[in-house]
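J.: Coordinates in query-v9.cif, mmCIF, C-alpha atoms, are listed below.
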data_coords
#
loop_
_atom_site.label_atom_id
_atom_site.label_comp_id
_atom_site.auth_asym_id
_atom_site.auth_seq_id
_atom_site.Cartn_x
_atom_site.Cartn_y
_atom_site.Cartn_z
CA MET A 828 21.79 333.98 -32.27
CA ASP A 829 22.63 330.32 -32.84
CA THR A 830 26.40 330.11 -32.40
CA THR A 831 26.36 326.44 -33.33
CA LYS A 832 25.76 327.33 -36.98
CA SER A 833 28.58 327.23 -39.51
CA SER A 834 30.73 330.33 -39.54
CA THR A 835 29.86 330.81 -43.22
CA GLU A 836 26.18 331.50 -42.45
CA ILE A 837 25.50 335.23 -42.48
CA TYR A 838 23.51 336.86 -39.68
CA ILE A 839 23.77 340.50 -40.85
CA ASP A 840 25.31 341.72 -44.10
CA PHE A 841 26.52 345.31 -43.91
CA SER A 842 28.60 345.10 -47.08
CA PRO A 843 30.75 346.79 -48.20
CA ASP A 844 31.84 347.52 -44.62
CA TRP A 845 31.42 344.34 -42.57
CA ILE A 846 29.51 341.08 -42.16
CA VAL A 847 28.31 339.41 -38.96
CA TYR A 848 28.12 335.61 -39.09
CA LYS A 849 25.81 333.40 -37.05
CA ASP A 850 28.68 332.16 -34.91
CA GLY A 851 29.26 335.75 -33.72
CA ARG A 852 32.31 336.41 -35.89
CA VAL A 853 32.60 339.88 -37.42
CA GLU A 854 34.43 340.13 -40.74
CA GLN A 855 35.78 343.58 -41.49
CA LEU A 856 35.65 344.18 -45.26
CA THR A 857 37.10 347.68 -45.43
CA GLY A 858 39.07 350.07 -43.28
CA ARG A 859 40.49 347.89 -40.55
CA VAL A 860 44.13 347.96 -41.55
CA PHE A 861 45.97 348.62 -38.30
CA VAL A 862 48.70 351.24 -38.37
CA PRO A 863 51.18 352.15 -35.62
CA PRO A 864 51.53 355.61 -34.12
CA SER A 865 53.99 357.77 -36.01
CA LEU A 866 55.09 361.18 -37.15
CA ASP A 867 52.93 361.79 -40.21
CA PRO A 868 55.03 363.58 -42.86
CA LYS A 869 51.99 365.01 -44.68
CA THR A 870 50.49 366.78 -41.67
CA ASN A 871 53.48 367.01 -39.33
CA VAL A 872 51.31 365.49 -36.60
CA GLU A 873 52.88 363.10 -34.12
CA SER A 874 50.97 360.29 -32.43
CA LYS A 875 51.55 357.78 -29.65
CA ASP A 876 49.57 355.10 -27.84
CA THR A 877 49.13 355.20 -24.10
CA PRO A 878 47.14 352.96 -21.70
CA TYR A 879 44.10 354.32 -19.92
CA SER A 880 42.91 351.06 -18.31
CA LEU A 881 45.59 348.58 -17.30
CA GLU A 882 42.91 346.31 -15.84
CA ASN A 883 41.27 345.81 -19.23
CA ASN A 884 44.38 346.34 -21.38
CA LEU A 885 42.86 349.39 -23.10
CA THR A 886 44.76 352.20 -24.76
CA LEU A 887 44.04 355.39 -26.62
CA ARG A 888 45.96 357.19 -29.34
CA LEU A 889 47.13 360.75 -28.74
CA TYR A 890 47.78 363.21 -31.57
CA LEU A 891 49.80 366.42 -31.29
CA PRO A 892 51.12 368.88 -33.90
CA LYS A 893 54.89 368.39 -34.01
CA ASN A 894 55.67 372.12 -33.85
CA THR A 895 53.93 372.28 -30.45
CA HIS A 896 57.00 370.67 -28.88
CA GLN A 897 58.91 373.88 -29.57
CA ASN A 898 56.80 375.64 -26.95
CA ASN A 899 56.31 373.43 -23.92
CA ASN A 900 53.75 375.83 -22.45
CA GLN A 901 51.48 376.07 -25.51
CA LYS A 902 47.95 374.99 -24.67
CA LEU A 903 45.66 373.63 -27.39
CA PRO A 904 41.97 372.71 -27.51
CA LEU A 905 41.44 369.05 -26.64
CA LEU A 906 39.28 366.73 -28.75
CA VAL A 907 38.26 363.29 -27.47
CA TYR A 908 37.12 361.15 -30.40
CA PHE A 909 35.17 357.87 -30.45
CA HIS A 910 35.33 355.72 -33.60
CA GLY A 911 32.29 354.17 -35.26
CA GLY A 912 31.58 350.62 -36.40
CA GLY A 913 28.19 349.67 -34.98
CA PHE A 914 29.71 348.75 -31.58
CA CYS A 915 31.24 345.63 -33.16
CA ALA A 916 33.73 346.73 -35.83
CA GLU A 917 36.54 349.19 -36.57
CA SER A 918 39.26 350.51 -34.28
CA ALA A 919 40.91 353.73 -33.17
CA PHE A 920 44.10 352.25 -34.66
CA SER A 921 42.77 351.55 -38.17
CA SER A 922 44.22 353.45 -41.10
CA ILE A 923 41.08 355.44 -41.90
CA TYR A 924 40.79 356.85 -38.37
CA HIS A 925 44.52 357.43 -38.07
CA SER A 926 44.49 359.43 -41.30
CA PHE A 927 41.34 361.35 -40.34
CA LEU A 928 42.69 362.35 -36.92
CA ASN A 929 46.03 363.43 -38.41
CA SER A 930 44.22 365.73 -40.83
CA LEU A 931 41.81 367.11 -38.24
CA VAL A 932 44.54 367.80 -35.66
CA SER A 933 46.70 369.53 -38.27
CA LYS A 934 43.91 371.74 -39.65
CA ALA A 935 42.48 372.71 -36.28
CA ASN A 936 45.80 372.92 -34.38
CA ILE A 937 44.50 370.85 -31.49
CA ILE A 938 45.55 367.88 -29.37
CA ALA A 939 43.34 364.81 -29.70
CA ALA A 940 42.71 361.52 -27.94
CA SER A 941 41.17 358.72 -30.03
CA VAL A 942 39.65 356.08 -27.77
CA GLU A 943 39.83 352.32 -28.27
CA TYR A 944 37.01 350.50 -26.47
CA ARG A 945 35.80 346.92 -26.11
CA GLN A 946 33.10 345.73 -28.53
CA ALA A 947 30.43 343.13 -29.17
CA PRO A 948 29.88 340.27 -29.22
CA GLU A 949 32.35 339.53 -26.43
CA ASN A 950 31.72 342.90 -24.81
CA PRO A 951 28.27 344.20 -25.77
CA VAL A 952 26.83 347.60 -24.97
CA PRO A 953 27.20 349.17 -22.41
CA PHE A 954 30.90 348.11 -22.43
CA PRO A 955 31.81 350.60 -25.19
CA HIS A 956 30.18 353.46 -23.26
CA ASP A 957 31.63 352.42 -19.91
CA ASP A 958 35.12 352.08 -21.38
CA SER A 959 34.77 355.50 -22.99
CA TRP A 960 33.80 357.05 -19.66
CA THR A 961 36.84 355.40 -18.07
CA ALA A 962 38.98 356.95 -20.81
CA LEU A 963 37.47 360.37 -20.19
CA LYS A 964 38.16 360.15 -16.47
CA TRP A 965 41.76 359.19 -17.27
CA VAL A 966 42.08 362.16 -19.64
CA ALA A 967 40.51 364.49 -17.04
CA SER A 968 43.10 363.35 -14.47
CA HIS A 969 45.56 365.59 -16.36
CA SER A 970 43.55 368.79 -15.82
CA ASN A 971 45.78 369.78 -12.90
CA GLY A 972 48.95 369.14 -14.94
CA LYS A 973 49.88 366.12 -12.83
CA GLY A 974 48.55 363.20 -14.85
CA PRO A 975 50.61 360.28 -16.19
CA ASP A 976 51.01 361.64 -19.75
CA ASP A 977 53.31 364.56 -20.54
CA TRP A 978 51.52 365.65 -23.73
CA LEU A 979 48.20 366.12 -21.94
CA ASN A 980 49.87 367.74 -18.94
CA SER A 981 51.75 370.26 -21.06
CA HIS A 982 49.48 370.97 -24.01
CA ALA A 983 45.80 370.19 -23.32
CA ASP A 984 43.60 373.17 -22.51
CA PHE A 985 40.90 371.66 -20.32
CA GLN A 986 38.82 374.81 -20.60
CA ARG A 987 38.41 374.04 -24.33
CA VAL A 988 37.35 370.39 -24.56
CA PHE A 989 35.28 368.77 -27.30
CA PHE A 990 33.72 365.32 -27.67
CA SER A 991 33.09 363.80 -31.09
CA GLY A 992 32.58 360.55 -32.95
CA ASP A 993 31.00 359.07 -36.05
CA SER A 994 28.03 356.70 -36.30
CA ALA A 995 28.13 354.47 -33.17
CA GLY A 996 30.99 356.66 -31.94
CA ALA A 997 28.71 359.70 -32.22
CA ASN A 998 26.21 357.83 -30.08
CA ILE A 999 28.99 357.37 -27.52
CA ALA A 1000 30.01 361.05 -27.72
CA HIS A 1001 26.38 362.02 -27.10
CA HIS A 1002 26.12 359.80 -24.03
CA MET A 1003 29.49 360.98 -22.72
CA GLY A 1004 28.11 364.51 -22.91
CA LEU A 1005 25.12 363.37 -20.87
CA ARG A 1006 27.30 361.68 -18.27
CA HIS A 1007 29.43 364.79 -17.99
CA GLY A 1008 26.28 366.82 -17.47
CA LEU A 1009 25.13 364.51 -14.70
CA ASP A 1010 28.51 363.69 -13.14
CA LYS A 1011 30.98 366.45 -13.94
CA LEU A 1012 34.50 365.51 -14.96
CA ASP A 1013 36.76 367.48 -12.62
CA GLY A 1014 38.52 370.36 -14.30
CA VAL A 1015 36.83 369.86 -17.68
CA ASP A 1016 34.90 372.55 -19.53
CA LEU A 1017 33.06 370.86 -22.40
CA ASN A 1018 32.88 373.53 -25.12
CA GLY A 1019 31.08 371.47 -27.73
CA ILE A 1020 29.95 368.09 -29.07
CA VAL A 1021 30.33 367.16 -32.74
CA LEU A 1022 28.12 364.30 -33.90
CA CYS A 1023 29.08 362.88 -37.30
CA HIS A 1024 26.24 360.86 -38.87
CA PRO A 1025 25.02 359.78 -35.41
CA TYR A 1026 23.58 356.34 -34.80
CA TYR A 1027 20.09 357.03 -33.43
CA TRP A 1028 17.00 355.01 -34.23
CA GLY A 1029 13.46 354.22 -33.07
CA GLU A 1030 10.78 351.56 -33.19
CA LYS A 1031 8.62 353.55 -35.61
CA PRO A 1032 9.82 355.48 -38.68
CA ILE A 1033 9.88 359.26 -38.43
CA ALA A 1034 9.35 361.74 -41.25
CA GLY A 1035 11.94 361.26 -43.98
CA GLU A 1036 13.13 357.89 -42.66
CA THR A 1037 12.94 354.56 -44.47
CA ASP A 1038 10.01 352.27 -43.79
CA ASP A 1039 11.66 349.39 -45.68
CA VAL A 1040 10.85 346.32 -43.57
CA ASN A 1041 13.97 344.39 -44.57
CA LEU A 1042 16.34 347.25 -43.78
CA ARG A 1043 14.68 347.98 -40.44
CA GLU A 1044 14.88 344.29 -39.52
CA LYS A 1045 18.57 344.24 -40.39
CA ILE A 1046 19.17 347.26 -38.17
CA ASP A 1047 17.23 345.60 -35.35
CA LYS A 1048 19.35 342.45 -35.77
CA LEU A 1049 22.40 344.63 -35.24
CA ARG A 1050 20.86 345.97 -32.02
CA ARG A 1051 20.15 342.48 -30.73
CA PHE A 1052 23.71 341.42 -31.58
CA THR A 1053 25.50 344.39 -30.02
CA CYS A 1054 23.03 345.44 -27.30
CA PRO A 1055 21.18 342.30 -26.14
CA ALA A 1056 20.18 343.90 -22.84
CA THR A 1057 18.03 346.53 -24.56
CA LYS A 1058 14.37 345.78 -25.26
CA GLY A 1059 14.03 347.83 -28.42
CA PHE A 1060 15.07 350.93 -30.31
CA ASP A 1061 13.06 353.26 -28.09
CA ASP A 1062 15.60 352.62 -25.37
CA PRO A 1063 17.17 356.01 -24.49
CA LEU A 1064 20.48 354.56 -25.63
CA PHE A 1065 19.24 354.84 -29.22
CA ASN A 1066 16.25 357.18 -29.13
CA PRO A 1067 16.96 360.49 -27.36
CA ALA A 1068 13.24 361.34 -27.45
CA PHE A 1069 12.76 358.79 -24.65
CA ASP A 1070 15.63 360.03 -22.48
CA PRO A 1071 14.40 361.98 -19.41
CA ASN A 1072 17.94 363.27 -18.81
CA LEU A 1073 18.48 364.79 -22.25
CA GLY A 1074 18.25 368.32 -20.88
CA CYS A 1075 21.33 367.58 -18.78
CA LEU A 1076 23.60 367.45 -21.84
CA GLY A 1077 26.87 368.86 -20.53
CA SER A 1078 27.59 371.28 -23.38
CA LYS A 1079 25.75 374.29 -24.76
CA ARG A 1080 27.00 373.82 -28.33
CA VAL A 1081 26.26 370.86 -30.59
CA LEU A 1082 27.13 370.40 -34.25
CA ILE A 1083 25.44 367.55 -36.12
CA PHE A 1084 26.62 366.32 -39.51
CA VAL A 1085 24.20 364.38 -41.72
CA ALA A 1086 24.43 363.10 -45.30
CA GLU A 1087 21.64 363.11 -47.86
CA LEU A 1088 22.00 359.44 -48.83
CA ASP A 1089 22.58 358.10 -45.30
CA PHE A 1090 19.74 356.02 -43.82
CA LEU A 1091 20.48 357.74 -40.48
CA ARG A 1092 20.00 361.25 -41.95
CA ALA A 1093 16.48 361.89 -40.61
CA ARG A 1094 17.48 360.91 -37.07
CA GLY A 1095 20.21 363.56 -37.00
CA TRP A 1096 17.72 366.27 -37.92
CA TYR A 1097 15.21 364.84 -35.45
CA PHE A 1098 17.73 365.01 -32.61
CA ALA A 1099 18.31 368.70 -33.34
CA GLU A 1100 14.55 369.31 -33.19
CA ILE A 1101 14.28 367.48 -29.87
CA LEU A 1102 17.05 369.58 -28.31
CA LYS A 1103 15.25 372.76 -29.33
CA LYS A 1104 11.87 371.57 -28.03
CA ILE A 1105 12.95 370.44 -24.57
CA GLY A 1106 14.33 373.82 -23.56
CA TRP A 1107 17.91 372.60 -23.37
CA GLY A 1108 19.04 376.20 -23.86
CA GLY A 1109 22.08 375.64 -26.04
CA ASP A 1110 22.93 376.17 -29.70
CA VAL A 1111 22.52 373.27 -32.12
CA GLU A 1112 23.47 373.37 -35.78
CA VAL A 1113 23.03 370.78 -38.54
CA MET A 1114 25.14 370.57 -41.70
CA GLU A 1115 23.80 368.28 -44.42
CA THR A 1116 26.02 367.11 -47.27
CA LYS A 1117 24.19 366.51 -50.53
CA GLY A 1118 24.85 363.44 -52.66
CA GLU A 1119 26.85 361.56 -50.01
CA GLY A 1120 26.34 358.46 -47.90
CA HIS A 1121 27.26 357.31 -44.43
CA CYS A 1122 30.70 358.48 -43.21
CA PHE A 1123 31.86 359.49 -46.70
CA PHE A 1124 34.52 361.74 -45.14
CA LEU A 1125 36.41 358.67 -43.92
CA THR A 1126 36.32 356.68 -47.16
CA ASN A 1127 36.88 359.58 -49.57
CA PRO A 1128 38.78 362.18 -47.52
CA THR A 1129 40.10 364.28 -50.42
CA SER A 1130 36.74 364.92 -52.11
CA GLU A 1131 35.29 368.42 -52.25
CA ASN A 1132 32.53 367.46 -49.82
CA SER A 1133 35.01 365.95 -47.35
CA VAL A 1134 37.14 369.09 -47.44
CA ALA A 1135 34.03 371.18 -46.69
CA PHE A 1136 33.08 368.78 -43.88
CA LEU A 1137 36.53 369.10 -42.30
CA LYS A 1138 36.48 372.90 -42.58
CA LYS A 1139 33.14 373.09 -40.76
CA PHE A 1140 34.43 370.76 -38.04
CA VAL A 1141 37.57 372.89 -37.60
CA ASP A 1142 35.63 376.18 -37.59
CA PHE A 1143 33.32 374.86 -34.89
CA MET A 1144 36.21 374.03 -32.58
CA ASN A 1145 38.06 377.26 -33.28
CA GLN A 1146 35.01 379.47 -32.77
CA GLN A 1147 35.55 381.98 -29.99
CA ASP A 1148 32.77 382.65 -27.49
#
Rewrite the coordinates I just gave you, this time as structure tokens.
T.:
Amino acid sequence: MDTTKSSTEIYIDFSPDWIVYKDGRVEQLTGRVFVPPSLDPKTNVESKDTPYSLENNLTLRLYLPKNTHQNNNQKLPLLVYFHGGGFCAESAFSSIYHSFLNSLVSKANIIAASVEYRQAPENPVPFPHDDSWTALKWVASHSNGKGPDDWLNSHADFQRVFFSGDSAGANIAHHMGLRHGLDKLDGVDLNGIVLCHPYYWGEKPIAGETDDVNLREKIDKLRRFTCPATKGFDDPLFNPAFDPNLGCLGSKRVLIFVAELDFLRARGWYFAEILKKIGWGGDVEVMETKGEGHCFFLTNPTSENSVAFLKKFVDFMNQQD
């Protein structure tokens, strides 16, 4: 990328969400209205921000149902969530994620940690993944009840842990599950991984995937912008079919959400097929939403399809073995 070009020259146009300019600037068009932690009156969920990496000035946002404070010994399932945004946009502290986590925590009666991580272009991949692993190790430090945060010490059930994210955040959740499988987080039992419209891709189109040259070039531009160290989309970071460690996924339950009108739809189904073929040995389920596009549940949270999406998410976490 030529960073000497005028900042008005567009490098990648992902309207209506965001635009990347040739000087490396990312303009957020929707969603990124920062909101502080609070007690949400609609859901009665309380939130707070707490640092997980003082060295890099990184924090995460914790969510807890307010009524949990009445019973200091009540343990709840723990969800660790990674926001999307193509590794270069959005934030755990934006209004759309704050609202989504409030609703999810309230409906599922869980405690959640929403992770803020560094992004491209200043901090390209693998920074987002490495920061997320640092956050997970910080969260896991509470499994013995002696960590730095009282909410996690008192209320997180580390035998019922879930990883999730949307789009690029789902990619992160997937790779955090792999890292946990290869390098176990002490005291953590990963019960499930929920991948919402996951960001997977490949050099060649698969069945049901677009072969539009312009769109595929735009997606590859995004890869070169956010992940300059990768050589192509068949890197295991993006294409699980080329990952020799995929069978080490550290959970035996995976739920994948896809949307009919999402250009990533086919890759979600393909990932489920790969898991079944490699003899991973777990249970994978795919829920497809008809007539919807990428991450519709964030932009239109009160729609009938979003309500059904949230119910499936909640049921998955509340399912008893």
J.: Which residues come within 12 Å of A:Ser1078, counting all atoms listed in the file, excluding same-chain residues fewer than 2 positions away, as JSON, numbers by chain?
T.: {"A": [987, 988, 989, 990, 1000, 1001, 1002, 1003, 1004, 1005, 1006, 1007, 1008, 1009, 1011, 1015, 1016, 1017, 1018, 1019, 1020, 1021, 1073, 1074, 1075, 1076, 1080, 1081, 1082, 1102, 1107, 1108, 1109, 1110, 1111]}
J.: Could you please determine the separation between atom CA of A:Asp957 and atom CA of A:Ser880 in Å, to one decimal place?
T.: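 Distance between the two atoms: 11.5 Å.
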J.: If we count only C-alpha atoms, what is near A:Phe1090 at a cut-off of 10 Å, once residues fewer than 2 positions away on the same chain are taken out, given as an NGL selection string?
T.: :A and (1024 or 1026 or 1035-1037 or 1042 or 1085-1088 or 1092-1094 or 1120-1121)
J.: Dump as a tab-separated table the rows for residues of stretch 910-982 of chain A within 7 Å of stretch 991-999 of chain A: closest atom pair and distance in Å with one decimal, only C-alpha atoms counted, ordered by chain and rising residue number.
T.:
residue	atom	partner	partner_atom	distance
A:His910	CA	A:Gly996	CA	4.7
A:Gly911	CA	A:Gly996	CA	4.3
A:Gly912	CA	A:Ala995	CA	6.1
A:Gly913	CA	A:Ala995	CA	5.1
A:Phe914	CA	A:Ala995	CA	6.1
A:His956	CA	A:Ile999	CA	5.9
J.: Between atom CA of A:Ala1099 and atom CA of A:Ile1083, what is the distance, to one decimal in Å?
T.: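 These atoms are spaced 7.7 Å apart.
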J.: Check the smallest atom-to-atom distance from each of A:Pro892, A:Thr1057, A:Phe861, A:Asn1132 to A:Lys934 using only C-alpha atoms, then report the winner.
T.: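 Among the listed residues, A:Pro892 lies closest to A:Lys934.
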J.: Pick the closest to A:Pro948 from A:Lys1104, A:His982, A:Lys1045, A:Arg1050: which is it, counting all atoms listed in the file?
T.: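 For A:Pro948, the nearest of the given residues is A:Arg1050.
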J.: What is the atom CA of A:Cys1122 to atom CA of A:Phe1084 distance in Å?
T.: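 If I compute the distance from atom CA of A:Cys1122 to atom CA of A:Phe1084, I get 9.6 Å.
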J.: Which polymer residues have any atom within 12 Å of an atom of stretch 872-875 of chain A, counting all atoms listed in the file, with same-chain residues fewer than 5 positions away left out, as a short mmCIF file (atom, residue, chain, number, x, y, z; two decimals) with C-alpha atoms, in the frame of the given file?
T.:
data_model
loop_
_atom_site.label_atom_id
_atom_site.label_comp_id
_atom_site.auth_asym_id
_atom_site.auth_seq_id
_atom_site.Cartn_x
_atom_site.Cartn_y
_atom_site.Cartn_z
CA VAL A 862 48.70 351.24 -38.37
CA PRO A 863 51.18 352.15 -35.62
CA PRO A 864 51.53 355.61 -34.12
CA SER A 865 53.99 357.77 -36.01
CA LEU A 866 55.09 361.18 -37.15
CA ASP A 867 52.93 361.79 -40.21
CA THR A 886 44.76 352.20 -24.76
CA LEU A 887 44.04 355.39 -26.62
CA ARG A 888 45.96 357.19 -29.34
CA LEU A 889 47.13 360.75 -28.74
CA TYR A 890 47.78 363.21 -31.57
CA LEU A 891 49.80 366.42 -31.29
CA PRO A 892 51.12 368.88 -33.90
CA LYS A 893 54.89 368.39 -34.01
CA ASN A 894 55.67 372.12 -33.85
CA THR A 895 53.93 372.28 -30.45
CA HIS A 896 57.00 370.67 -28.88
CA ALA A 919 40.91 353.73 -33.17
CA PHE A 920 44.10 352.25 -34.66
CA HIS A 925 44.52 357.43 -38.07
CA SER A 926 44.49 359.43 -41.30
CA PHE A 927 41.34 361.35 -40.34
CA LEU A 928 42.69 362.35 -36.92
CA ASN A 929 46.03 363.43 -38.41
CA SER A 930 44.22 365.73 -40.83
CA LEU A 931 41.81 367.11 -38.24
CA VAL A 932 44.54 367.80 -35.66
CA SER A 933 46.70 369.53 -38.27
CA LYS A 934 43.91 371.74 -39.65
CA ALA A 935 42.48 372.71 -36.28
CA ASN A 936 45.80 372.92 -34.38
CA ILE A 937 44.50 370.85 -31.49
CA ILE A 938 45.55 367.88 -29.37
CA ALA A 939 43.34 364.81 -29.70
CA ALA A 940 42.71 361.52 -27.94
CA SER A 941 41.17 358.72 -30.03
CA ASP A 976 51.01 361.64 -19.75
CA ASP A 977 53.31 364.56 -20.54
CA TRP A 978 51.52 365.65 -23.73
CA LEU A 979 48.20 366.12 -21.94
#
J.: At a cut-off of 9 Å, using all atoms listed in the file, what residues contact A:Phe1136? Leave out same-chain residues fewer than 2 positions from it and give the result as a list in words.
T.: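 So the residues in contact are Phe1084, Met1114, Thr1116, Phe1124, Glu1131, Asn1132, Ser1133, Val1134, Lys1138, Lys1139, Phe1140 and Val1141 of chain A.
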J.: Write out the residues from the selection above, keeping C-alpha atoms, as an mmCIF file, keeping the file's coordinate frame.
T.:
data_model
loop_
_atom_site.group_PDB
_atom_site.id
_atom_site.type_symbol
_atom_site.label_atom_id
_atom_site.label_comp_id
_atom_site.auth_asym_id
_atom_site.auth_seq_id
_atom_site.Cartn_x
_atom_site.Cartn_y
_atom_site.Cartn_z
ATOM 1 C CA PHE A 1084 26.620 366.320 -39.510
ATOM 2 C CA MET A 1114 25.140 370.570 -41.700
ATOM 3 C CA THR A 1116 26.020 367.110 -47.270
ATOM 4 C CA PHE A 1124 34.520 361.740 -45.140
ATOM 5 C CA GLU A 1131 35.290 368.420 -52.250
ATOM 6 C CA ASN A 1132 32.530 367.460 -49.820
ATOM 7 C CA SER A 1133 35.010 365.950 -47.350
ATOM 8 C CA VAL A 1134 37.140 369.090 -47.440
ATOM 9 C CA LYS A 1138 36.480 372.900 -42.580
ATOM 10 C CA LYS A 1139 33.140 373.090 -40.760
ATOM 11 C CA PHE A 1140 34.430 370.760 -38.040
ATOM 12 C CA VAL A 1141 37.570 372.890 -37.600
#
J.: Selection in question (the file shown): the PyMOL selection byres ((chain A and resi 951) around 12). Which residues does it include, as a list of chain:residue names?
T.: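 Applied to this file, the PyMOL selection byres ((chain A and resi 951) around 12) returns A:Gly851, A:Gly913, A:Phe914, A:Cys915, A:Ala916, A:Tyr944, A:Arg945, A:Gln946, A:Ala947, A:Pro948, A:Glu949, A:Asn950, A:Val952, A:Pro953, A:Phe954, A:Pro955, A:His956, A:Asp957, A:Asp958, A:Leu1049, A:Arg1050, A:Arg1051, A:Phe1052, A:Thr1053, A:Cys1054, A:Pro1055, A:Ala1056, A:Thr1057.
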J.: Kindly export the residues of the current selection with C-alpha atoms, as an mmCIF file, in the frame of the given file.
T.:
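Written out: selection14.cif:
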data_model
loop_
_atom_site.group_PDB
_atom_site.id
_atom_site.type_symbol
_atom_site.label_atom_id
_atom_site.label_comp_id
_atom_site.auth_asym_id
_atom_site.auth_seq_id
_atom_site.Cartn_x
_atom_site.Cartn_y
_atom_site.Cartn_z
ATOM 1 C CA GLY A 851 29.260 335.750 -33.720
ATOM 2 C CA GLY A 913 28.190 349.670 -34.980
ATOM 3 C CA PHE A 914 29.710 348.750 -31.580
ATOM 4 C CA CYS A 915 31.240 345.630 -33.160
ATOM 5 C CA ALA A 916 33.730 346.730 -35.830
ATOM 6 C CA TYR A 944 37.010 350.500 -26.470
ATOM 7 C CA ARG A 945 35.800 346.920 -26.110
ATOM 8 C CA GLN A 946 33.100 345.730 -28.530
ATOM 9 C CA ALA A 947 30.430 343.130 -29.170
ATOM 10 C CA PRO A 948 29.880 340.270 -29.220
ATOM 11 C CA GLU A 949 32.350 339.530 -26.430
ATOM 12 C CA ASN A 950 31.720 342.900 -24.810
ATOM 13 C CA VAL A 952 26.830 347.600 -24.970
ATOM 14 C CA PRO A 953 27.200 349.170 -22.410
ATOM 15 C CA PHE A 954 30.900 348.110 -22.430
ATOM 16 C CA PRO A 955 31.810 350.600 -25.190
ATOM 17 C CA HIS A 956 30.180 353.460 -23.260
ATOM 18 C CA ASP A 957 31.630 352.420 -19.910
ATOM 19 C CA ASP A 958 35.120 352.080 -21.380
ATOM 20 C CA LEU A 1049 22.400 344.630 -35.240
ATOM 21 C CA ARG A 1050 20.860 345.970 -32.020
ATOM 22 C CA ARG A 1051 20.150 342.480 -30.730
ATOM 23 C CA PHE A 1052 23.710 341.420 -31.580
ATOM 24 C CA THR A 1053 25.500 344.390 -30.020
ATOM 25 C CA CYS A 1054 23.030 345.440 -27.300
ATOM 26 C CA PRO A 1055 21.180 342.300 -26.140
ATOM 27 C CA ALA A 1056 20.180 343.900 -22.840
ATOM 28 C CA THR A 1057 18.030 346.530 -24.560
#
J.: Starting from the sparse input, extend stretch 1047-1051 of chain A to all heavy atoms and give the output as an mmCIF file, keeping the file's coordinate frame.
T.:
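And here is the file that came out, out-v1.cif:
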data_model
loop_
_atom_site.group_PDB
_atom_site.id
_atom_site.type_symbol
_atom_site.label_atom_id
_atom_site.label_comp_id
_atom_site.auth_asym_id
_atom_site.auth_seq_id
_atom_site.Cartn_x
_atom_site.Cartn_y
_atom_site.Cartn_z
ATOM 1 N N ASP A 1047 17.620 346.150 -36.652
ATOM 2 C CA ASP A 1047 17.230 345.600 -35.350
ATOM 3 C C ASP A 1047 18.062 344.368 -35.007
ATOM 4 O O ASP A 1047 18.380 344.129 -33.840
ATOM 5 C CB ASP A 1047 15.745 345.249 -35.344
ATOM 6 C CG ASP A 1047 15.241 344.980 -33.929
ATOM 7 O OD1 ASP A 1047 15.443 345.849 -33.055
ATOM 8 O OD2 ASP A 1047 14.671 343.901 -33.690
ATOM 9 N N LYS A 1048 18.440 343.574 -36.013
ATOM 10 C CA LYS A 1048 19.350 342.450 -35.770
ATOM 11 C C LYS A 1048 20.676 342.944 -35.199
ATOM 12 O O LYS A 1048 21.262 342.320 -34.303
ATOM 13 C CB LYS A 1048 19.602 341.676 -37.068
ATOM 14 C CG LYS A 1048 18.547 340.662 -37.434
ATOM 15 C CD LYS A 1048 19.003 339.865 -38.646
ATOM 16 C CE LYS A 1048 18.054 338.748 -38.990
ATOM 17 N NZ LYS A 1048 18.551 337.966 -40.153
ATOM 18 N N LEU A 1049 21.159 344.064 -35.749
ATOM 19 C CA LEU A 1049 22.400 344.630 -35.240
ATOM 20 C C LEU A 1049 22.252 345.018 -33.778
ATOM 21 O O LEU A 1049 23.148 344.767 -32.956
ATOM 22 C CB LEU A 1049 22.806 345.847 -36.069
ATOM 23 C CG LEU A 1049 24.054 346.590 -35.614
ATOM 24 C CD1 LEU A 1049 25.293 345.699 -35.709
ATOM 25 C CD2 LEU A 1049 24.262 347.876 -36.431
ATOM 26 N N ARG A 1050 21.100 345.611 -33.419
ATOM 27 C CA ARG A 1050 20.860 345.970 -32.020
ATOM 28 C C ARG A 1050 20.879 344.742 -31.122
ATOM 29 O O ARG A 1050 21.510 344.735 -30.057
ATOM 30 C CB ARG A 1050 19.525 346.703 -31.867
ATOM 31 C CG ARG A 1050 19.179 347.041 -30.410
ATOM 32 C CD ARG A 1050 17.742 347.464 -30.244
ATOM 33 N NE ARG A 1050 16.794 346.433 -30.621
ATOM 34 C CZ ARG A 1050 16.463 345.401 -29.838
ATOM 35 N NH1 ARG A 1050 17.020 345.260 -28.645
ATOM 36 N NH2 ARG A 1050 15.588 344.511 -30.254
ATOM 37 N N ARG A 1051 20.202 343.687 -31.554
ATOM 38 C CA ARG A 1051 20.150 342.480 -30.730
ATOM 39 C C ARG A 1051 21.525 341.828 -30.593
ATOM 40 O O ARG A 1051 21.822 341.203 -29.570
ATOM 41 C CB ARG A 1051 19.150 341.481 -31.326
ATOM 42 C CG ARG A 1051 17.715 341.985 -31.347
ATOM 43 C CD ARG A 1051 16.703 340.874 -31.570
ATOM 44 N NE ARG A 1051 16.866 340.181 -32.826
ATOM 45 C CZ ARG A 1051 16.247 340.511 -33.963
ATOM 46 N NH1 ARG A 1051 15.436 341.569 -33.993
ATOM 47 N NH2 ARG A 1051 16.434 339.800 -35.063
#
